[in-house]
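Enquirer: I am sharing coords.cif, which consists of mmCIF, C-alpha atoms:
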data_entry
loop_
_atom_site.label_atom_id
_atom_site.label_comp_id
_atom_site.auth_asym_id
_atom_site.auth_seq_id
_atom_site.Cartn_x
_atom_site.Cartn_y
_atom_site.Cartn_z
CA MET A 268 41.47 113.28 -35.90
CA HIS A 269 42.04 111.56 -39.20
CA ILE A 270 40.54 108.41 -40.73
CA GLU A 271 41.69 107.05 -44.03
CA ILE A 272 40.96 104.02 -46.18
CA ARG A 273 44.05 103.41 -48.30
CA LYS A 274 44.11 101.41 -51.56
CA THR A 275 47.90 101.32 -51.82
CA LEU A 276 50.86 100.29 -49.65
CA PHE A 277 51.76 102.66 -46.81
CA ASN A 278 54.58 102.94 -44.30
CA PRO A 279 53.03 103.48 -40.84
CA TRP A 280 56.08 105.28 -39.43
CA THR A 281 56.22 107.75 -42.30
CA GLU A 282 52.52 108.40 -41.84
CA LEU A 283 52.91 108.96 -38.09
CA ASP A 284 55.87 111.24 -38.63
CA ARG A 285 53.99 113.33 -41.19
CA TYR A 286 50.76 113.45 -39.19
CA GLN A 287 52.39 114.35 -35.90
CA SER A 288 54.63 117.09 -37.26
CA ASN A 289 51.92 118.64 -39.40
CA GLU A 290 49.46 118.75 -36.58
CA ASN A 291 52.07 119.63 -33.99
CA HIS A 292 50.82 117.10 -31.45
CA ARG A 293 54.08 116.65 -29.70
CA ILE A 294 53.16 116.82 -26.07
CA GLY A 295 52.39 113.86 -23.80
CA ALA A 296 51.79 110.26 -24.73
CA CYS A 297 51.21 108.43 -28.01
CA ALA A 298 50.24 104.76 -28.13
CA SER A 299 50.11 103.13 -31.53
CA PHE A 300 49.41 99.77 -33.11
CA VAL A 301 50.46 98.45 -36.49
CA GLY A 302 48.96 95.24 -37.85
CA SER A 303 50.66 93.60 -40.81
CA MET A 304 49.71 90.73 -43.07
CA ARG A 305 51.05 87.40 -41.87
CA ASP A 306 51.90 84.72 -44.40
CA PHE A 307 50.10 81.96 -42.50
CA ASN A 308 46.66 81.60 -40.93
CA GLU A 309 44.67 78.65 -39.61
CA GLY A 310 47.30 76.19 -40.70
CA SER A 311 47.74 77.36 -44.30
CA LYS A 312 50.30 79.46 -46.06
CA VAL A 313 48.64 82.64 -47.29
CA ASN A 314 50.05 84.05 -50.53
CA ALA A 315 47.97 87.22 -50.74
CA MET A 316 44.83 88.81 -49.40
CA THR A 317 42.00 91.01 -50.64
CA LEU A 318 40.27 93.36 -48.23
CA ASP A 319 36.70 94.39 -49.04
CA TYR A 320 34.93 97.23 -47.22
CA TYR A 321 31.67 99.20 -47.26
CA PRO A 322 32.48 102.72 -48.50
CA GLY A 323 30.62 105.23 -46.34
CA MET A 324 29.71 102.86 -43.53
CA THR A 325 33.30 101.90 -42.77
CA GLU A 326 34.42 105.50 -42.34
CA LYS A 327 31.30 106.29 -40.29
CA GLN A 328 31.87 103.37 -37.92
CA LEU A 329 35.54 104.27 -37.47
CA GLU A 330 34.57 107.84 -36.68
CA GLN A 331 32.13 106.67 -34.02
CA ILE A 332 34.79 104.38 -32.54
CA ILE A 333 37.23 107.28 -32.21
CA GLN A 334 34.55 109.61 -30.81
CA ALA A 335 33.69 107.11 -28.09
CA GLN A 336 37.34 106.88 -27.04
CA SER A 337 37.87 110.63 -27.25
CA SER A 338 35.38 111.16 -24.47
CA ALA A 339 36.17 107.96 -22.52
CA ASN A 340 39.92 108.60 -22.46
CA ASP A 341 40.32 112.34 -22.90
CA LEU A 342 42.14 111.99 -26.21
CA ASP A 343 43.92 114.89 -27.81
CA ASP A 344 43.97 113.21 -31.18
CA ALA A 345 43.66 109.89 -33.01
CA LEU A 346 44.64 108.47 -36.38
CA ILE A 347 43.40 105.39 -38.23
CA ILE A 348 44.69 104.25 -41.62
CA HIS A 349 43.36 100.94 -42.98
CA ARG A 350 44.34 99.20 -46.22
CA VAL A 351 41.80 97.75 -48.63
CA GLY A 352 42.19 95.92 -51.95
CA GLU A 353 45.05 93.51 -52.71
CA ILE A 354 47.64 93.03 -49.99
CA GLN A 355 50.89 91.05 -49.94
CA PRO A 356 52.46 89.33 -46.89
CA GLY A 357 54.43 91.74 -44.71
CA GLU A 358 52.44 94.79 -45.84
CA THR A 359 50.74 96.98 -43.27
CA ILE A 360 46.98 96.42 -42.94
CA VAL A 361 46.14 98.85 -40.16
CA LEU A 362 47.63 101.71 -38.18
CA VAL A 363 45.90 103.07 -35.07
CA ALA A 364 47.41 105.85 -32.95
CA ALA A 365 46.03 107.72 -29.94
CA TRP A 366 47.45 110.84 -28.30
CA SER A 367 46.68 111.95 -24.77
CA ALA A 368 48.33 113.85 -21.91
CA HIS A 369 49.00 110.62 -20.00
CA ARG A 370 50.06 107.12 -20.91
CA LYS A 371 47.11 105.31 -19.32
CA GLN A 372 44.60 107.08 -21.51
CA ALA A 373 46.71 106.71 -24.66
CA PHE A 374 47.18 102.95 -24.10
CA ASP A 375 43.54 102.34 -23.18
CA ALA A 376 42.25 104.33 -26.15
CA CYS A 377 44.58 102.76 -28.70
CA ARG A 378 43.67 99.26 -27.61
CA SER A 379 39.94 99.97 -27.44
CA ILE A 380 39.94 101.57 -30.87
CA MET A 381 41.70 98.49 -32.24
CA GLU A 382 39.30 96.03 -30.55
CA ASN A 383 36.24 97.99 -31.65
CA LEU A 384 37.60 98.24 -35.18
CA LYS A 385 38.02 94.45 -35.26
CA HIS A 386 34.55 93.97 -33.83
CA SER A 387 32.47 96.45 -35.79
CA ALA A 388 34.21 98.17 -38.68
CA PRO A 389 32.94 96.66 -41.96
CA PHE A 390 36.08 95.13 -43.50
CA TRP A 391 36.32 91.59 -44.86
CA LYS A 392 39.44 89.57 -45.60
CA LYS A 393 39.72 87.03 -48.37
CA GLU A 394 42.87 84.94 -48.39
CA VAL A 395 44.60 83.35 -51.37
CA THR A 396 46.15 80.04 -50.33
CA ASP A 397 47.62 77.17 -52.33
CA LEU A 398 44.19 75.51 -52.09
CA GLY A 399 42.37 78.52 -53.53
CA GLU A 400 40.58 81.55 -52.15
CA ARG A 401 38.71 81.65 -48.85
CA TRP A 402 36.86 84.33 -46.90
CA VAL A 403 38.14 84.70 -43.35
CA GLU A 404 35.13 83.87 -41.18
CA LYS A 405 36.13 85.39 -37.89
CA ASN A 406 38.87 87.43 -36.28
CA THR A 407 41.29 86.15 -33.66
CA ALA A 408 40.46 87.13 -30.07
CA GLY A 409 42.03 90.36 -28.84
CA MET B 35 66.15 93.30 -29.27
CA HIS B 36 67.71 96.70 -28.91
CA ILE B 37 68.15 99.03 -25.93
CA GLU B 38 69.64 102.45 -26.25
CA ILE B 39 70.29 105.42 -23.97
CA ARG B 40 70.38 108.50 -26.18
CA LYS B 41 71.99 111.80 -25.27
CA THR B 42 70.54 113.72 -28.22
CA LEU B 43 67.12 114.39 -29.74
CA PHE B 44 65.57 111.51 -31.69
CA ASN B 45 62.52 111.06 -33.89
CA PRO B 46 60.70 107.90 -32.73
CA TRP B 47 59.10 107.21 -36.12
CA THR B 48 62.40 107.44 -37.96
CA GLU B 49 63.92 105.06 -35.42
CA LEU B 50 61.05 102.59 -35.78
CA ASP B 51 61.22 102.77 -39.55
CA ARG B 52 64.96 102.12 -39.56
CA TYR B 53 64.83 99.36 -36.95
CA GLN B 54 61.96 97.52 -38.50
CA SER B 55 63.29 97.55 -42.05
CA ASN B 56 66.83 96.64 -41.03
CA GLU B 57 65.71 93.74 -38.93
CA ASN B 58 62.97 92.75 -41.32
CA HIS B 59 60.40 92.25 -38.58
CA ARG B 60 57.45 92.98 -40.71
CA ILE B 61 55.02 90.25 -39.87
CA GLY B 62 52.22 90.41 -37.28
CA ALA B 63 51.61 93.06 -34.68
CA CYS B 64 53.61 95.98 -33.34
CA ALA B 65 52.47 98.02 -30.35
CA SER B 66 54.47 101.10 -29.51
CA PHE B 67 54.50 103.93 -27.02
CA VAL B 68 56.12 107.35 -27.29
CA GLY B 69 56.39 109.61 -24.25
CA SER B 70 57.26 113.26 -24.81
CA MET B 71 58.14 116.06 -22.48
CA ARG B 72 55.12 118.09 -21.40
CA ASP B 73 55.54 121.77 -20.65
CA PHE B 74 53.58 121.61 -17.39
CA ASN B 75 53.64 119.33 -14.33
CA GLU B 76 52.15 119.58 -10.85
CA GLY B 77 50.78 123.02 -11.49
CA SER B 78 53.93 124.66 -12.83
CA LYS B 79 55.18 125.51 -16.28
CA VAL B 80 58.28 123.45 -17.01
CA ASN B 81 60.87 125.15 -19.20
CA ALA B 82 63.35 122.29 -19.54
CA MET B 83 64.34 119.02 -17.94
CA THR B 84 67.50 117.09 -17.15
CA LEU B 85 67.40 113.31 -17.05
CA ASP B 86 70.00 111.53 -14.94
CA TYR B 87 70.61 107.77 -15.14
CA TYR B 88 72.90 105.04 -13.82
CA PRO B 89 75.13 103.89 -16.69
CA GLY B 90 75.34 100.12 -16.61
CA MET B 91 72.46 99.50 -14.23
CA THR B 92 69.90 101.28 -16.40
CA GLU B 93 70.71 99.16 -19.46
CA LYS B 94 70.77 96.00 -17.33
CA GLN B 95 67.36 96.71 -15.81
CA LEU B 96 65.86 97.48 -19.21
CA GLU B 97 67.25 94.25 -20.61
CA GLN B 98 65.67 92.26 -17.74
CA ILE B 99 62.36 94.05 -18.31
CA ILE B 100 62.35 93.04 -21.97
CA GLN B 101 63.44 89.47 -21.20
CA ALA B 102 60.55 89.04 -18.77
CA GLN B 103 58.07 90.18 -21.43
CA SER B 104 59.69 88.10 -24.16
CA SER B 105 58.80 84.95 -22.32
CA ALA B 106 55.50 86.18 -20.84
CA ASN B 107 54.14 87.41 -24.16
CA ASP B 108 55.99 85.44 -26.81
CA LEU B 109 57.66 88.50 -28.27
CA ASP B 110 59.45 88.40 -31.59
CA ASP B 111 61.33 91.59 -30.83
CA ALA B 112 61.40 94.73 -28.70
CA LEU B 113 63.00 98.15 -28.85
CA ILE B 114 63.61 100.74 -26.13
CA ILE B 115 65.21 104.14 -26.70
CA HIS B 116 65.37 106.54 -23.74
CA ARG B 117 66.71 110.08 -23.69
CA VAL B 118 69.03 111.38 -20.98
CA GLY B 119 70.64 114.79 -20.42
CA GLU B 120 68.95 118.08 -21.24
CA ILE B 121 65.49 117.89 -22.78
CA GLN B 122 63.18 120.60 -24.13
CA PRO B 123 59.35 120.55 -24.05
CA GLY B 124 57.90 118.52 -26.93
CA GLU B 125 60.98 116.35 -27.31
CA THR B 126 60.66 112.58 -27.14
CA ILE B 127 61.74 111.06 -23.81
CA VAL B 128 61.01 107.41 -24.42
CA LEU B 129 60.12 105.00 -27.20
CA VAL B 130 59.01 101.43 -26.45
CA ALA B 131 57.96 98.99 -29.16
CA ALA B 132 57.00 95.31 -28.99
CA TRP B 133 56.51 92.91 -31.89
CA SER B 134 54.56 89.68 -31.71
CA ALA B 135 52.47 87.44 -33.95
CA HIS B 136 49.24 88.64 -32.35
CA ARG B 137 47.94 91.98 -31.10
CA LYS B 138 47.12 90.86 -27.56
CA GLN B 139 50.72 89.92 -26.82
CA ALA B 140 52.12 93.03 -28.50
CA PHE B 141 49.80 95.35 -26.52
CA ASP B 142 50.36 93.54 -23.21
CA ALA B 143 54.13 93.50 -23.64
CA CYS B 144 54.44 97.13 -24.71
CA ARG B 145 52.39 98.32 -21.77
CA SER B 146 54.17 96.09 -19.26
CA ILE B 147 57.59 97.16 -20.50
CA MET B 148 56.53 100.78 -20.11
CA GLU B 149 55.12 100.28 -16.59
CA ASN B 150 58.16 98.30 -15.47
CA LEU B 151 60.48 100.92 -16.95
CA LYS B 152 58.65 103.62 -14.97
CA HIS B 153 58.79 101.50 -11.85
CA SER B 154 62.33 100.15 -11.89
CA ALA B 155 64.64 101.60 -14.54
CA PRO B 156 67.06 104.03 -12.86
CA PHE B 157 66.24 107.36 -14.49
CA TRP B 158 65.62 110.61 -12.62
CA LYS B 159 63.96 113.78 -13.88
CA LYS B 160 64.88 117.26 -12.74
CA GLU B 161 62.62 120.04 -13.94
CA VAL B 162 63.52 123.66 -14.57
CA THR B 163 60.56 125.89 -13.67
CA ASP B 164 60.22 129.65 -13.22
CA LEU B 165 60.73 129.03 -9.49
CA GLY B 166 64.00 127.15 -10.00
CA GLU B 167 65.04 123.52 -10.36
CA ARG B 168 63.29 120.60 -8.68
CA TRP B 169 63.74 116.83 -8.74
CA VAL B 170 60.57 114.98 -9.70
CA GLU B 171 59.75 112.84 -6.69
CA LYS B 172 57.42 110.28 -8.15
CA ASN B 173 55.91 109.20 -11.42
CA THR B 174 52.25 109.49 -12.34
CA ALA B 175 50.25 106.27 -12.01
CA GLY B 176 50.03 104.14 -15.13
CA MET C 117 88.31 95.45 1.86
CA ASN C 118 86.81 98.43 0.02
CA VAL C 119 83.58 99.04 -1.88
CA THR C 120 82.80 101.74 -4.42
CA VAL C 121 79.78 103.85 -3.43
CA LYS C 122 77.86 105.89 -6.02
CA PHE C 123 75.06 108.44 -5.61
CA PHE C 124 72.54 109.55 -8.18
CA ALA C 125 70.07 112.39 -8.75
CA SER C 126 69.20 114.39 -5.61
CA LEU C 127 71.55 112.24 -3.49
CA LYS C 128 74.44 113.08 -5.79
CA GLU C 129 73.82 116.74 -4.96
CA GLN C 130 73.61 116.05 -1.20
CA PHE C 131 76.95 114.30 -0.97
CA SER C 132 80.27 116.01 -1.52
CA GLU C 133 81.38 113.47 -4.11
CA PRO C 134 79.29 111.37 -6.54
CA VAL C 135 81.63 108.39 -6.11
CA MET C 136 83.47 107.32 -2.96
CA ASP C 137 85.67 104.46 -1.85
CA VAL C 138 84.46 103.13 1.49
CA GLU C 139 86.31 100.66 3.69
CA LEU C 140 84.30 97.75 5.08
CA SER C 141 84.69 97.47 8.85
CA SER C 142 83.62 93.81 8.92
CA ASP C 143 82.54 91.00 6.58
CA GLN C 144 78.98 91.44 7.88
CA THR C 145 78.64 95.03 6.68
CA THR C 146 75.19 95.73 5.21
CA VAL C 147 73.99 98.29 2.70
CA GLU C 148 72.45 100.22 5.58
CA ASP C 149 75.76 100.19 7.48
CA ILE C 150 77.40 101.83 4.49
CA TRP C 151 74.62 104.41 4.28
CA LYS C 152 75.11 105.27 7.95
CA LYS C 153 78.84 105.61 7.45
CA VAL C 154 78.71 107.90 4.42
CA SER C 155 75.76 109.97 5.65
CA GLY C 156 77.00 110.38 9.24
CA SER C 157 75.08 107.63 11.02
CA GLU C 158 71.55 108.53 10.05
CA GLN C 159 69.08 105.72 9.59
CA MET C 160 68.51 104.89 5.92
CA PRO C 161 65.29 106.66 4.86
CA GLU C 162 62.53 104.61 3.22
CA ASN C 163 62.74 106.65 0.05
CA VAL C 164 66.43 105.91 -0.48
CA LEU C 165 66.84 102.96 -2.84
CA SER C 166 70.00 100.94 -3.15
CA ALA C 167 71.75 98.62 -5.57
CA ILE C 168 74.67 96.20 -5.36
CA ASN C 169 76.52 95.52 -8.61
CA LEU C 170 73.74 97.01 -10.79
CA GLU C 171 70.89 95.03 -9.14
CA TYR C 172 68.40 96.39 -6.62
CA ALA C 173 69.40 95.51 -3.04
CA GLN C 174 67.73 95.42 0.37
CA ALA C 175 69.04 97.57 3.24
CA GLN C 176 70.03 94.46 5.22
CA GLN C 177 71.92 92.82 2.36
CA ILE C 178 75.58 92.02 3.06
CA VAL C 179 78.19 93.82 0.96
CA LYS C 180 81.41 92.14 -0.23
CA ALA C 181 84.80 93.66 -0.97
CA GLY C 182 84.93 95.02 -4.51
CA ASP C 183 81.16 95.52 -4.76
CA GLU C 184 79.69 98.62 -6.31
CA VAL C 185 77.01 99.98 -3.98
CA ALA C 186 74.65 102.73 -5.17
CA PHE C 187 72.12 104.98 -3.41
CA PHE C 188 69.40 106.90 -5.21
CA PRO C 189 65.87 108.29 -4.83
CA PRO C 190 62.74 106.66 -6.36
CA VAL C 191 63.08 106.46 -10.13
CA THR C 192 61.11 108.82 -12.39
CA GLY C 193 61.94 107.87 -15.96
CA GLY C 194 59.73 107.27 -18.99
CA MET D 99 8.48 102.75 -52.32
CA ASN D 100 11.89 101.26 -53.09
CA VAL D 101 15.03 100.57 -51.07
CA THR D 102 18.57 100.02 -52.31
CA VAL D 103 20.02 96.70 -51.16
CA LYS D 104 23.79 96.09 -51.10
CA PHE D 105 25.81 92.95 -50.44
CA PHE D 106 29.41 92.66 -49.32
CA ALA D 107 32.19 90.07 -49.16
CA SER D 108 30.96 86.45 -49.45
CA LEU D 109 27.34 87.59 -49.83
CA LYS D 110 28.29 89.75 -52.81
CA GLU D 111 29.54 86.57 -54.50
CA GLN D 112 26.37 84.63 -53.62
CA PHE D 113 23.98 87.12 -55.16
CA SER D 114 23.74 87.83 -58.85
CA GLU D 115 24.18 91.57 -58.37
CA PRO D 116 26.05 93.48 -55.62
CA VAL D 117 23.37 96.20 -55.59
CA MET D 118 19.63 95.79 -56.13
CA ASP D 119 16.53 97.97 -56.04
CA VAL D 120 13.84 96.24 -54.01
CA GLU D 121 10.21 97.33 -53.78
CA LEU D 122 8.66 97.45 -50.32
CA SER D 123 5.43 95.50 -50.17
CA SER D 124 4.19 97.36 -47.08
CA ASP D 125 5.23 100.13 -44.69
CA GLN D 126 5.89 97.42 -42.08
CA THR D 127 8.60 95.70 -44.10
CA THR D 128 11.54 94.58 -41.93
CA VAL D 129 15.18 93.95 -42.75
CA GLU D 130 14.45 90.23 -42.52
CA ASP D 131 11.51 90.56 -44.96
CA ILE D 132 13.91 92.08 -47.48
CA TRP D 133 16.42 89.28 -46.90
CA LYS D 134 13.70 86.69 -47.55
CA LYS D 135 12.63 88.45 -50.70
CA VAL D 136 16.11 88.76 -52.24
CA SER D 137 17.31 85.33 -51.12
CA GLY D 138 14.16 83.40 -52.06
CA SER D 139 12.32 83.27 -48.73
CA GLU D 140 15.00 81.68 -46.57
CA GLN D 141 15.17 82.69 -42.93
CA MET D 142 17.93 85.22 -42.26
CA PRO D 143 20.94 83.28 -40.90
CA GLU D 144 22.47 84.37 -37.60
CA ASN D 145 25.80 85.11 -39.24
CA VAL D 146 24.31 87.56 -41.71
CA LEU D 147 24.67 91.10 -40.40
CA SER D 148 22.65 94.03 -41.67
CA ALA D 149 22.78 97.80 -41.78
CA ILE D 150 20.29 100.55 -42.58
CA ASN D 151 21.78 103.81 -43.85
CA LEU D 152 25.32 102.92 -42.74
CA GLU D 153 24.35 101.93 -39.18
CA TYR D 154 24.03 98.38 -37.87
CA ALA D 155 20.40 97.21 -37.85
CA GLN D 156 18.39 94.42 -36.23
CA ALA D 157 16.56 91.86 -38.38
CA GLN D 158 13.19 93.10 -37.10
CA GLN D 159 13.89 96.76 -37.77
CA ILE D 160 11.41 98.49 -40.11
CA VAL D 161 12.76 99.80 -43.42
CA LYS D 162 11.56 103.05 -45.01
CA ALA D 163 11.38 104.06 -48.67
CA GLY D 164 14.73 105.42 -49.84
CA ASP D 165 16.75 103.56 -47.23
CA GLU D 166 19.99 101.81 -48.09
CA VAL D 167 19.92 98.29 -46.66
CA ALA D 168 23.08 96.18 -46.57
CA PHE D 169 23.79 92.51 -45.83
CA PHE D 170 27.22 91.15 -44.99
CA PRO D 171 29.06 88.44 -43.06
CA PRO D 172 30.85 89.03 -39.71
CA VAL D 173 33.58 91.61 -40.13
CA THR D 174 37.25 90.60 -40.21
CA GLY D 175 39.29 93.78 -40.54
CA GLY D 176 42.34 95.03 -38.68
#
Just give me the structure of the file as structure tokens.

Expert:
Amino acid sequence: MHIEIRKTLFNPWTELDRYQSNENHRIGACASFVGSMRDFNEGSKVNAMTLDYYPGMTEKQLEQIIQAQSSANDLDDALIIHRVGEIQPGETIVLVAAWSAHRKQAFDACRSIMENLKHSAPFWKKEVTDLGERWVEKNTAG
Amino acid sequence: MHIEIRKTLFNPWTELDRYQSNENHRIGACASFVGSMRDFNEGSKVNAMTLDYYPGMTEKQLEQIIQAQSSANDLDDALIIHRVGEIQPGETIVLVAAWSAHRKQAFDACRSIMENLKHSAPFWKKEVTDLGERWVEKNTAG
Amino acid sequence: MNVTVKFFASLKEQFSEPVMDVELSSDQTTVEDIWKKVSGSEQMPENVLSAINLEYAQAQQIVKAGDEVAFFPPVTGG
Amino acid sequence: MNVTVKFFASLKEQFSEPVMDVELSSDQTTVEDIWKKVSGSEQMPENVLSAINLEYAQAQQIVKAGDEVAFFPPVTGG
């Protein structure tokens, strides 16, 4: 299990490749999700974004989210990497991956981790649009 | 959209990295699934596996599976790579990825593509165990 | 008035040849009729699937000259 | 008898300092009491979330000396 808050750009596929080969988790099923910054939201073009977080609490909440899925879905392993700081359109914001013996568990866990992250991990997005900066007030439904 | 039947070992993360950067599909959500060969099944150790398929029909069925999800879930893009021939434990059998503007569609599409592939794409597994060879008679539930 | 018949997976091993040319005896020949012919008149088992021209077919579907007909067990990919 | 109070995101911009030391007036002080104190006695809005020692807290939860109390808007990560 690995949780990381990243202040700089990352390539999700390179991270998955490195994590999986290092840890030798090659058996069974892996479901993953990559969320990237879109250049439009709620009708406005978004030029950039800043992601704030709560150091300490964010990691703790993510750990609890993974733990809950580990027991609920018999996970072999899970990985979360989440960007913070300044982000440009097209850049990866979040990577979630879940490994299990069977596809049902891997899919269920990956999706639940992602929904719980959206619902309870302390991250906050501020968008830079042509009209100025604005805090995003709520997430889109999952 | 890309569908490929592969006769040799592939690294799913390298494939995703190459596909995504070439096609420049970097915005929004990507859900992916990687299935690898397990070294046990139905109580026996499995030493190797051979995957048979129906050239022509397999590709056609996979294309129809993706098309159905493209309209159902407003997909921007999808990728399927499936191994055939001789496979060793730990090697990747299948990669499915689905790109959409939002996570719900990407997750739903990726999972549906995978279930439909299991249900209707003409592939057949033959396992080599210590007791000899055996055709796998049905897939595990999804 | 021939069709090409293909077998896959365990069925490929059961039949002497993976691909056969089969002559249609009438223009009302069904997939099941072809199965009976190539397998020696057995009924088509429930766990034998079939396809005509790369699409799944029903046992009672009519086959036309030039069609490619395939028989195979339940699929187990992914 | 102090607690550390932190603000995040839009609340960090609304308050003069992102981190404050706040004295507890009694051993029955709640999260909401602290909010009222730092914000000038307003009621705690529904869309202000709070945490005590890195775990989500309810407005009526009692705060102890040495605790870290945080206020922030609904989360929008992922």

Enquirer: What's the separation between CA of Lys41 (chain B) and CA of Ser146 (chain B), in Å to one decimal place?

Expert: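 Interatomic distance, CA of Lys41 (chain B) to CA of Ser146 (chain B): 24.5 Å.
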
Enquirer: Neighbours of Asp164 (chain B) within 12 Å (all atoms listed in the file; same-chain residues fewer than 3 positions away dropped), as a compact mmCIF listing (two decimals) with C-alpha atoms, keeping the file's coordinate frame?

Expert:
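As a result, selection-v1.txt now contains:
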# COMPACT_ATOMS: atom_id res chain seq x y z
CA ASP B 73 55.54 121.77 -20.65
CA PHE B 74 53.58 121.61 -17.39
CA GLY B 77 50.78 123.02 -11.49
CA SER B 78 53.93 124.66 -12.83
CA LYS B 79 55.18 125.51 -16.28
CA VAL B 80 58.28 123.45 -17.01
CA ASN B 81 60.87 125.15 -19.20
CA ALA B 82 63.35 122.29 -19.54
CA GLU B 161 62.62 120.04 -13.94
CA GLU B 167 65.04 123.52 -10.36
CA ARG B 168 63.29 120.60 -8.68

Enquirer: Using CA of Val363 (chain A) and CA of Ser299 (chain A) as the two end points, give the distance in Å to one decimal.

Expert: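 The value is 5.5 Å.
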
Enquirer: Evaluated on this file, the PyMOL selection byres ((chain C and resi 177) around 6) picks out some residues - which ones are they, written as a PDB file with C-alpha atoms, in the frame of the given file?

Expert:
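File written: part-v3.pdb
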ATOM      1  CA  THR C 146      75.190  95.730   5.210  1.00  0.00           C
ATOM      2  CA  VAL C 147      73.990  98.290   2.700  1.00  0.00           C
ATOM      3  CA  GLN C 174      67.730  95.420   0.370  1.00  0.00           C
ATOM      4  CA  ALA C 175      69.040  97.570   3.240  1.00  0.00           C
ATOM      5  CA  GLN C 176      70.030  94.460   5.220  1.00  0.00           C
ATOM      6  CA  ILE C 178      75.580  92.020   3.060  1.00  0.00           C
TER       7      ILE C 178
END

Enquirer: Excluding same-chain residues fewer than 2 positions from region 103-113 of chain B, what lies within 8 Å of it counting only C-alpha atoms, as a PyMOL selection string?

Expert: chain B and resi 35-37+59+99-101+115+129-135+139-140+142-143+146-147

Enquirer: Which polymer residues have any atom within 7 Å of an atom of Lys393 (chain A), counting all atoms listed in the file, with same-chain residues fewer than 4 positions away left out, as a ChimeraX atom specification?

Expert: /A:316-318,400-403

Enquirer: Within 7 Å of Tyr87 (chain B), counting only C-alpha atoms, which residues show up once you throw out same-chain ones fewer than 4 positions away? Write them as a PyMOL selection string, please.

Expert: chain B and resi 92+156-158

Enquirer: Can you rebuild region 116-120 of chain D with all heavy atoms and give it as an mmCIF file, in the coordinates of the input?

Expert:
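Saved the output as rebuild.cif:
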data_model
loop_
_atom_site.group_PDB
_atom_site.id
_atom_site.type_symbol
_atom_site.label_atom_id
_atom_site.label_comp_id
_atom_site.auth_asym_id
_atom_site.auth_seq_id
_atom_site.Cartn_x
_atom_site.Cartn_y
_atom_site.Cartn_z
ATOM 1 N N PRO D 116 25.645 92.931 -56.913
ATOM 2 C CA PRO D 116 26.050 93.480 -55.620
ATOM 3 C C PRO D 116 25.096 94.554 -55.096
ATOM 4 O O PRO D 116 25.055 94.822 -53.909
ATOM 5 C CB PRO D 116 27.431 94.064 -55.891
ATOM 6 C CG PRO D 116 27.452 94.341 -57.359
ATOM 7 C CD PRO D 116 26.573 93.312 -57.994
ATOM 8 N N VAL D 117 24.332 95.161 -55.987
ATOM 9 C CA VAL D 117 23.370 96.200 -55.590
ATOM 10 C C VAL D 117 22.042 95.934 -56.284
ATOM 11 O O VAL D 117 22.010 95.629 -57.475
ATOM 12 C CB VAL D 117 23.867 97.619 -55.993
ATOM 13 C CG1 VAL D 117 22.907 98.688 -55.476
ATOM 14 C CG2 VAL D 117 25.277 97.868 -55.488
ATOM 15 N N MET D 118 20.957 96.007 -55.540
ATOM 16 C CA MET D 118 19.630 95.790 -56.130
ATOM 17 C C MET D 118 18.667 96.876 -55.667
ATOM 18 O O MET D 118 18.808 97.386 -54.559
ATOM 19 C CB MET D 118 19.003 94.471 -55.628
ATOM 20 C CG MET D 118 19.746 93.227 -55.972
ATOM 21 S SD MET D 118 18.835 91.803 -55.270
ATOM 22 C CE MET D 118 20.081 90.531 -55.515
ATOM 23 N N ASP D 119 17.664 97.160 -56.495
ATOM 24 C CA ASP D 119 16.530 97.970 -56.040
ATOM 25 C C ASP D 119 15.413 96.999 -55.660
ATOM 26 O O ASP D 119 15.075 96.107 -56.442
ATOM 27 C CB ASP D 119 16.038 98.865 -57.190
ATOM 28 C CG ASP D 119 16.605 100.266 -57.043
ATOM 29 O OD1 ASP D 119 17.109 100.590 -55.951
ATOM 30 O OD2 ASP D 119 16.562 101.012 -58.030
ATOM 31 N N VAL D 120 14.881 97.154 -54.470
ATOM 32 C CA VAL D 120 13.840 96.240 -54.010
ATOM 33 C C VAL D 120 12.612 97.060 -53.634
ATOM 34 O O VAL D 120 12.722 98.073 -52.937
ATOM 35 C CB VAL D 120 14.326 95.402 -52.812
ATOM 36 C CG1 VAL D 120 13.196 94.541 -52.253
ATOM 37 C CG2 VAL D 120 15.510 94.535 -53.218
#
